[in-house]
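K.L.:
Structure provided below as structure tokens; questions to follow.
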Amino acid sequence: MSGDSVVNSEVADMVGDWKGYVEAKLGFRNHWYPVRFSNELTEGQLQVVEILGERLLIKRIDGKVYAMRDRCLHRGVPLSQKPDCFTKDTITCWYHGYTYRFQTGDLVNILAVPDSRLIGRRKIVTYPVEEAKGLIFIFLGDEEMIHPLHRDVPPGFLDENLMVLGKHRVVESNWRLGAENGFDGLHIFIHKDTTLRHYRTFNFPIGHTPRAGAVQTVEEEDGPKGVTDDFSQHDPVWDGVIDGKVVISGPRSTQVQGTSASVGTSIWMPGVLKVDSFPNPGLTQFEWYVPLDAKRHLYVQTIGKPVETEEDRAAFASDFEAVWKPHGLDGFNADDIWAREVTEPFYADDYGWVDEMLCEPDSTLVEWRKLASRHGRGIQTPSHLR
Amino acid sequence: MSGDSVVNSEVADMVGDWKGYVEAKLGFRNHWYPVRFSNELTEGQLQVVEILGERLLIKRIDGKVYAMRDRCLHRGVPLSQKPDCFTKDTITCWYHGYTYRFQTGDLVNILAVPDSRLIGRRKIVTYPVEEAKGLIFIFLGDEEMIHPLHRDVPPGFLDENLMVLGKHRVVESNWRLGAENGFDGLHIFIHKDTTLRHYRTFNFPIGHTPRAGAVQTVEEEDGPKGVTDDFSQHDPVWDGVIDGKVVISGPRSTQVQGTSASVGTSIWMPGVLKVDSFPNPGLTQFEWYVPLDAKRHLYVQTIGKPVETEEDRAAFASDFEAVWKPHGLDGFNADDIWAREVTEPFYADDYGWVDEMLCEPDSTLVEWRKLASRHGRGIQTPSHLR
Amino acid sequence: MSGDSVVNSEVADMVGDWKGYVEAKLGFRNHWYPVRFSNELTEGQLQVVEILGERLLIKRIDGKVYAMRDRCLHRGVPLSQKPDCFTKDTITCWYHGYTYRFQTGDLVNILAVPDSRLIGRRKIVTYPVEEAKGLIFIFLGDEEMIHPLHRDVPPGFLDENLMVLGKHRVVESNWRLGAENGFDGLHIFIHKDTTLRHYRTFNFPIGHTPRAGAVQTVEEEDGPKGVTDDFSQHDPVWDGVIDGKVVISGPRSTQVQGTSASVGTSIWMPGVLKVDSFPNPGLTQFEWYVPLDAKRHLYVQTIGKPVETEEDRAAFASDFEAVWKPHGLDGFNADDIWAREVTEPFYADDYGWVDEMLCEPDSTLVEWRKLASRHGRGIQTPSHLR
């Protein structure tokens, strides 16, 4: 480890044009990340969230959400341990009375030392917050580096008529193993027994390899940066063969075959997956792998559907609860969560990044690693946590 | 960390004239520390105690207490794991029979190798022990550095007619966070809801700031070294104000107002607090923050009262059990214990000592840090533990 | 720690001619180690075993046992987490379909990428396996370094008419503390209360010191390398004396005295103890301290007896279950297991090897440390685990 890194520098120096990705073990700084659903934070409510190794307080005041570091400037204690909110806009440290304004981070008083010269001259760290599509996003970085939210979400996510529903949970792996598990076209091998196949057209090959041209990078100045993988330009493999004998075949749906829609996945900075026509044609899955610390990420899973009417909204909400959440986000994705957690130990000391043995279709992952290294706006380091 | 330190040397180099205090994460060596109450160790009894990262055996033999390192010289096993005390004065290692005399530490025999040249020529580490005011004190250091006990306890503690009662418990924080929590005049903010106010005159401001002259250092050659803070020379703050509005006021006692006695706190080497007229006029609280290791201290809480007669003694013992122990040492100080434990993470990697943001009244703490750096008789380091 | 070691290099540099032994915290590479009894692995069964810090899969196929590293080459996940054995000879990784042949380690297919250039050109690590005397031995090392099994077991263990029975358990100490506990003649002090004395002639002194000539090294080119200690050339100590008073005496058996057989212990590379005439005349105890990782070893305990007839076999099997296993391997050796675990902390940071204070009879241990340093065929290091 170098002085201000959580990453083995020997490893980082061996990976060439994706060094930044290896260094971003705690995530890329100066990007927007979702931390909660809007309906999880009611007016006046206070919550603690973790993100990129930092511990933050979020509070909704007069409808708007604010984010402040959950650590008093004075002696470093968490304000949340015994939150004294004597006014709507402020929080007072339970230990010695340091009082901060949520909207600005200003130290507005020290209750017991009302004439301290620190008052009005010191600020606690705060971060910009936006809400979109029912998610609370925090810009985890430095105000002068701020970019508009639309550059940090996949294309289409902010579409006006898109209705978004979802859930989140903590996964015990580094965020990059989440991102790569999701974008990796080969990993469908682990989903061969999913119950989801009883609820949709589910003719999955056991694997599929991108032909030339299937994988593209998207790097427009004012848009999101990502790598797209078009499954219609893949060569599928339906049967697994060992020693000349077919030992396994891709699962087929028990449902009537629907019309084929465009399918494919794409991964976007700072670590968001978009899966077209999934878990069913007409739906799109968007999912985030938000770094909590070096070993855990918040898996924010959402499904979006274009809706026009209240009936559309009600129907989607009903289907989401009855089918897509239990059989998709819970059932199908449980395989993914397990795979990430089991992969974590190999990469925990960073040597996995050089000891792994990738095969040809994994070139899509390398494209993503290189793109992330080019477009990450900063590496989160231990000194940011102090 | 440098080779023989548990402290980040970058931090130690940044704090100027209180470097020794930052280095003393494991405590100051060559001082007297209380480890148990006398009545906890009966004749012939053996106990294991920890202190400054060392693990010791204490035993009472013919009334006198001895302290010896609990680790056989031979293969390093704890003697206490299966104590073989074949004679009153010795302990024999259960593994190979190395036998040590408690009074001197001499290796007096190896039962299975009675003619070994090691016998009579090797010693296990022992430390001087004294008992005073019902406490067992160990001089944790090197015999040639020994100082008399009265230099390591607060003034008045050894007064002949002072009766002392108390308790102890393990607190999960570094000892310095205990010492600073106790001496810090501002922290009374956390005691605003204490049940103790129903049992005594309790007109606490929410804060109070020392005027010039309130804080003094005491550094006489043959006496204890400390910093005193006279509360009668403080400016109190009774009301906490945010955005021009009073949001909280200092708690008032439900008891009839007594006559005002001199109040104030003082902190003494090697980490002992004296609180005058507390928890009530006529009483004095003395409390130690004895380093157990880098992350824990033994909180030895005592209350002293001058007594003349057996009736005085019985009355104080009764009040102690009925009021001062449950509402003071247990109730009131529970707030302090909790505060120390919650503060620990910020200082655990030492960066807290430079990242903290002290305010004006905290200058009393800086005085203490500097005094401790001047008068600490040695820094406990990992090589002392080997 | 140096870059590729788990051992403090300062310590390793201080011990002169047994440096290799101190470095071999994870064990000596390129030796044979027992991992399971043959009857614990039935035809077709798969098991995970640890050895020298590595995690291996063993499987019995058509009667023969194979050993393969339990970590997919691709993304480093354990194959055993969800073992997909589509054919008898292969295992397929559950994540992306990498398929390996047990007999060779060859990557024989990637189910989803059947035309990958990796196929047939990459191998997972495999190790040679042999079975003897009802134990499965793995040669943990590099094929070009392989030696015949008879060089890595004590003399007599492979004798044709020797019947061997035993058990194994995990002990929470480094393997060397196991080896030294077993070979150390002085440690009989801890067995003074064993129930085993009710089942055999058991006149143990409390200690005994080898005379000149009792200890010999055996270093023939084509045989096992070891140190032998002949107890018939020892001076016994029957009484322990402190301050001129006998405080303890060696335990005497409650059984009728039998004829005295040759007794003694010997320790062999890579860490196997042989105890002659133990737990009773006519029996020999062989026991291995197989490194699992730096802090644990597999204690493989066996007792051998020469047998001629089926009646002999049945009688030994019955005695083993009724007496030698419960009172010897379980009861008597429980004292040893406990002693090793309690010794572990002193040696965990390696300083124990220089801070210990050996006495004269411990020269037998130093002989062993030097012999092991001369004949160990390689030091297991962290880079071997990657």
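Residue names in the structure tokens use chain letters A, B, ... in the order shown, residue numbers from 1 in each chain, and ligand numbers from 1 in the order shown.
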Would you kindly report the residues of chain B within 10 Å of chain A, using only C-alpha atoms, as a PyMOL selection string?

P.N.:
chain B and resi 177+181+184-191+205-209+235-243+245-250+335-336+339-347+351-353+355-361

K.L.:
Just the residues within 6 Å of segment 271-274 of chain C, please, counting only C-alpha atoms, with nothing from its chain fewer than 6 positions along; format it as a VMD selection string.

P.N.:
chain C and resid 265 285 to 289

K.L.:
Mind checking which residues fall within 9 Å of Arg176 of chain B, counting only C-alpha atoms, ignoring those fewer than 2 positions away in the same chain, and posting them as a PyMOL selection string?

P.N.:
chain B and resi 21+24-25+27+173-174+178-181+271+289+291+297

K.L.:
Please run DSSP on the backbone and report, as a short mmCIF file (atom, residue, chain, number, x, y, z; two decimals) with N, CA and C atoms, in the first residue's frame, all residues within segment 69-240 of chain B that come out as helix (DSSP H, G or I).

P.N.:
data_model
loop_
_atom_site.label_atom_id
_atom_site.label_comp_id
_atom_site.auth_asym_id
_atom_site.auth_seq_id
_atom_site.Cartn_x
_atom_site.Cartn_y
_atom_site.Cartn_z
N LEU B 79 1.37 -18.42 32.90
CA LEU B 79 1.39 -19.26 34.09
C LEU B 79 -0.02 -19.46 34.62
N SER B 80 -0.85 -18.45 34.41
CA SER B 80 -2.20 -18.47 34.98
C SER B 80 -3.13 -19.45 34.29
N GLN B 81 -2.73 -19.99 33.14
CA GLN B 81 -3.64 -20.89 32.43
C GLN B 81 -3.95 -22.13 33.24
N GLU B 143 12.56 -0.68 38.29
CA GLU B 143 12.79 -0.44 39.72
C GLU B 143 13.67 0.78 39.96
N GLU B 144 14.68 0.97 39.11
CA GLU B 144 15.59 2.10 39.33
C GLU B 144 14.92 3.44 39.04
N MET B 145 13.74 3.41 38.47
CA MET B 145 13.02 4.65 38.17
C MET B 145 11.95 4.94 39.22
N LEU B 149 4.79 6.85 45.99
CA LEU B 149 3.39 6.85 45.54
C LEU B 149 2.77 8.24 45.61
N HIS B 150 3.13 9.03 46.63
CA HIS B 150 2.42 10.31 46.81
C HIS B 150 2.64 11.26 45.64
N ARG B 151 3.65 11.02 44.82
CA ARG B 151 3.84 11.87 43.64
C ARG B 151 2.90 11.51 42.49
N ASP B 152 2.23 10.35 42.59
CA ASP B 152 1.39 9.88 41.49
C ASP B 152 -0.09 9.81 41.85
N TRP B 175 -7.09 5.39 27.03
CA TRP B 175 -7.13 6.03 28.35
C TRP B 175 -7.16 7.56 28.25
N ARG B 176 -6.55 8.14 27.19
CA ARG B 176 -6.50 9.59 27.11
C ARG B 176 -7.87 10.19 26.83
N LEU B 177 -8.73 9.43 26.13
CA LEU B 177 -10.09 9.93 25.91
C LEU B 177 -10.87 9.91 27.20
N GLY B 178 -10.49 9.02 28.12
CA GLY B 178 -11.08 9.05 29.45
C GLY B 178 -10.63 10.28 30.22
N ALA B 179 -9.32 10.50 30.23
CA ALA B 179 -8.77 11.63 30.97
C ALA B 179 -9.34 12.95 30.45
N GLU B 180 -9.45 13.09 29.15
CA GLU B 180 -9.91 14.36 28.59
C GLU B 180 -11.41 14.54 28.77
N ASN B 181 -12.15 13.45 28.69
CA ASN B 181 -13.58 13.54 28.96
C ASN B 181 -13.81 14.03 30.38
N GLY B 182 -13.01 13.53 31.33
CA GLY B 182 -13.21 13.92 32.72
C GLY B 182 -12.83 15.36 32.98
N PHE B 183 -11.72 15.80 32.41
CA PHE B 183 -11.19 17.11 32.75
C PHE B 183 -11.85 18.23 31.95
N GLY B 185 -14.15 20.78 30.81
CA GLY B 185 -15.24 21.48 31.49
C GLY B 185 -16.51 21.59 30.65
N LEU B 186 -16.36 21.51 29.34
CA LEU B 186 -17.51 21.70 28.46
C LEU B 186 -18.44 20.50 28.38
N HIS B 187 -17.92 19.34 28.75
CA HIS B 187 -18.70 18.13 28.47
C HIS B 187 -19.91 17.99 29.38
N ILE B 188 -20.09 18.92 30.31
CA ILE B 188 -21.26 18.80 31.19
C ILE B 188 -22.55 18.85 30.38
N PHE B 189 -22.42 19.31 29.12
CA PHE B 189 -23.59 19.30 28.23
C PHE B 189 -24.26 17.92 28.15
N ILE B 190 -23.45 16.87 28.26
CA ILE B 190 -24.04 15.53 28.11
C ILE B 190 -24.75 15.04 29.36
N HIS B 191 -24.56 15.77 30.48
CA HIS B 191 -25.15 15.30 31.74
C HIS B 191 -26.49 15.96 32.03
N THR B 195 -30.05 11.58 36.47
CA THR B 195 -30.91 11.42 37.64
C THR B 195 -30.24 11.95 38.90
N LEU B 196 -28.93 12.18 38.83
CA LEU B 196 -28.21 12.68 40.00
C LEU B 196 -28.77 14.01 40.48
N ARG B 197 -29.39 14.77 39.57
CA ARG B 197 -29.87 16.08 39.99
C ARG B 197 -31.01 16.00 40.99
N HIS B 198 -31.62 14.85 41.12
CA HIS B 198 -32.67 14.70 42.12
C HIS B 198 -32.09 14.46 43.51
N PHE B 231 -13.58 26.30 38.93
CA PHE B 231 -14.86 26.66 38.29
C PHE B 231 -15.41 27.99 38.80
N SER B 232 -14.93 28.43 39.97
CA SER B 232 -15.45 29.71 40.48
C SER B 232 -14.92 30.87 39.64
N GLN B 233 -13.92 30.58 38.84
CA GLN B 233 -13.39 31.62 37.96
C GLN B 233 -13.82 31.37 36.51
#

K.L.:
List the spatial neighbours of segment 40-57 of chain C as a list of chain:residue names - criterion: any atom at most 6 Å away, only C-alpha atoms, same-chain residues fewer than 2 positions off excluded.

P.N.:
C:Leu26, C:Gly27, C:Phe37, C:Ser38, C:Lys59, C:Arg60, C:Ile61, C:Ala67, C:Met68, C:Arg69, C:Asp70, C:Pro291, C:Leu292, C:Asp293, C:Leu385

K.L.:
Within segment 103-192 of chain A, find each residue whose DSSP state, derived from the backbone, is strand (DSSP E or B), and express the selection as a list in words.

P.N.:
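In segment 103-192 of chain A, DSSP puts these residues in strand (DSSP E or B): Asp106, Leu107, Val108, Asn109, Ile110, Lys123, Thr126, Tyr127, Val129, Glu130, Glu131, Ala132, Leu135, Ile136, Phe137, Ile138, Phe139, Leu140, Leu162, Met163, Val164, Leu165, Gly166, Lys167, His168, Arg169, Val170 and Val171 of chain A.
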
K.L.:
If we count only C-alpha atoms and set the cut-off at 7 Å, which residues sit around Arg29 of chain B, ignoring sequence neighbours fewer than 4 positions away in its own chain? Please answer as a PyMOL selection string.

P.N.:
chain B and resi 140-141+377-380

K.L.:
If you count only C-alpha atoms, which residues fall within 10 Å of Arg374 of chain C, apart from same-chain ones fewer than 6 positions away, as a list in words?

P.N.:
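That gives Asp17, Trp18, Lys19, Gly20, Tyr21, Glu219, Lys225 and Trp368 of chain C.
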
K.L.:
If we count only C-alpha atoms, what is near Val323 of chain C at a cut-off of 10 Å, once residues fewer than 5 positions away on the same chain are taken out, given as number ranges by chain?

P.N.:
C: 196, 199-200, 279, 318, 328-330

K.L.:
For the residues in the current selection, export all heavy atoms as a tab-separated table (two decimals), in the first residue's frame.

P.N.:
chain	number	residue	atom	x	y	z
C	196	LEU	N	-4.67	-42.32	31.25
C	196	LEU	CA	-3.99	-43.41	30.56
C	196	LEU	C	-3.22	-44.30	31.53
C	196	LEU	O	-3.01	-45.49	31.28
C	196	LEU	CB	-3.04	-42.82	29.50
C	196	LEU	CG	-2.31	-43.78	28.56
C	196	LEU	CD1	-3.30	-44.60	27.73
C	196	LEU	CD2	-1.36	-43.03	27.65
C	199	TYR	N	-4.38	-47.74	32.44
C	199	TYR	CA	-4.50	-48.77	31.39
C	199	TYR	C	-3.16	-49.33	30.96
C	199	TYR	O	-3.09	-50.13	30.05
C	199	TYR	CB	-5.23	-48.18	30.17
C	199	TYR	CG	-6.65	-47.86	30.49
C	199	TYR	CD1	-7.03	-46.64	31.00
C	199	TYR	CD2	-7.64	-48.84	30.32
C	199	TYR	CE1	-8.33	-46.35	31.32
C	199	TYR	CE2	-8.95	-48.58	30.65
C	199	TYR	CZ	-9.30	-47.33	31.15
C	199	TYR	OH	-10.59	-47.07	31.48
C	200	ARG	N	-2.06	-48.85	31.55
C	200	ARG	CA	-0.76	-49.36	31.13
C	200	ARG	C	0.24	-49.12	32.26
C	200	ARG	O	-0.01	-48.40	33.21
C	200	ARG	CB	-0.27	-48.69	29.85
C	200	ARG	CG	-0.31	-47.17	29.89
C	200	ARG	CD	0.69	-46.62	28.91
C	200	ARG	NE	2.05	-46.82	29.43
C	200	ARG	CZ	3.15	-46.49	28.79
C	200	ARG	NH1	3.09	-46.01	27.56
C	200	ARG	NH2	4.34	-46.65	29.34
C	279	PRO	N	1.24	-46.07	22.87
C	279	PRO	CA	0.90	-45.90	24.30
C	279	PRO	C	1.14	-47.15	25.14
C	279	PRO	O	0.86	-47.08	26.35
C	279	PRO	CB	-0.58	-45.53	24.27
C	279	PRO	CG	-1.09	-46.00	22.96
C	279	PRO	CD	0.05	-45.98	22.02
C	318	SER	N	-10.22	-53.61	18.22
C	318	SER	CA	-11.06	-53.54	19.41
C	318	SER	C	-10.37	-52.76	20.53
C	318	SER	O	-10.96	-51.88	21.16
C	318	SER	CB	-11.39	-54.97	19.86
C	318	SER	OG	-12.01	-54.95	21.12
C	328	GLY	N	-5.72	-42.56	25.02
C	328	GLY	CA	-4.46	-42.09	24.47
C	328	GLY	C	-4.68	-40.89	23.55
C	328	GLY	O	-4.46	-39.75	23.94
C	329	LEU	N	-5.18	-41.16	22.36
C	329	LEU	CA	-5.30	-40.09	21.36
C	329	LEU	C	-6.24	-38.99	21.82
C	329	LEU	O	-5.99	-37.81	21.54
C	329	LEU	CB	-5.78	-40.69	20.03
C	329	LEU	CG	-4.94	-41.85	19.47
C	329	LEU	CD1	-5.38	-42.19	18.05
C	329	LEU	CD2	-3.45	-41.56	19.52
C	330	ASP	N	-7.33	-39.36	22.49
C	330	ASP	CA	-8.26	-38.32	22.97
C	330	ASP	C	-7.80	-37.73	24.30
C	330	ASP	O	-7.63	-36.53	24.43
C	330	ASP	CB	-9.67	-38.90	23.14
C	330	ASP	CG	-10.33	-39.22	21.79
C	330	ASP	OD1	-9.87	-38.68	20.77
C	330	ASP	OD2	-11.29	-40.01	21.78

K.L.:
How many Å lie between atom CA of Gly16 of chain A and atom CA of Val366 of chain A, rounded to one decimal?

P.N.:
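Distance between the two atoms: 11.2 Å.
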
K.L.:
Would you compute the distance between atom CA of Ala315 of chain A and atom CA of Lys133 of chain A? Give it in Å to one decimal.

P.N.:
17.7 Å

K.L.:
From the options B:Leu165, B:Val227, B:Gly213, B:Glu221, which residue's atoms come nearest to Phe316 of chain B, counting only C-alpha atoms?

P.N.:
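So, comparing all the options, the nearest one is B:Leu165.
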
K.L.:
When you draw a straight line from atom CA of Asp62 of chain A to atom CA of Phe102 of chain A, how long is it in Å?

P.N.:
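Taking atom CA of Asp62 of chain A as the start and atom CA of Phe102 of chain A as the end point, the length is 11.9 Å.
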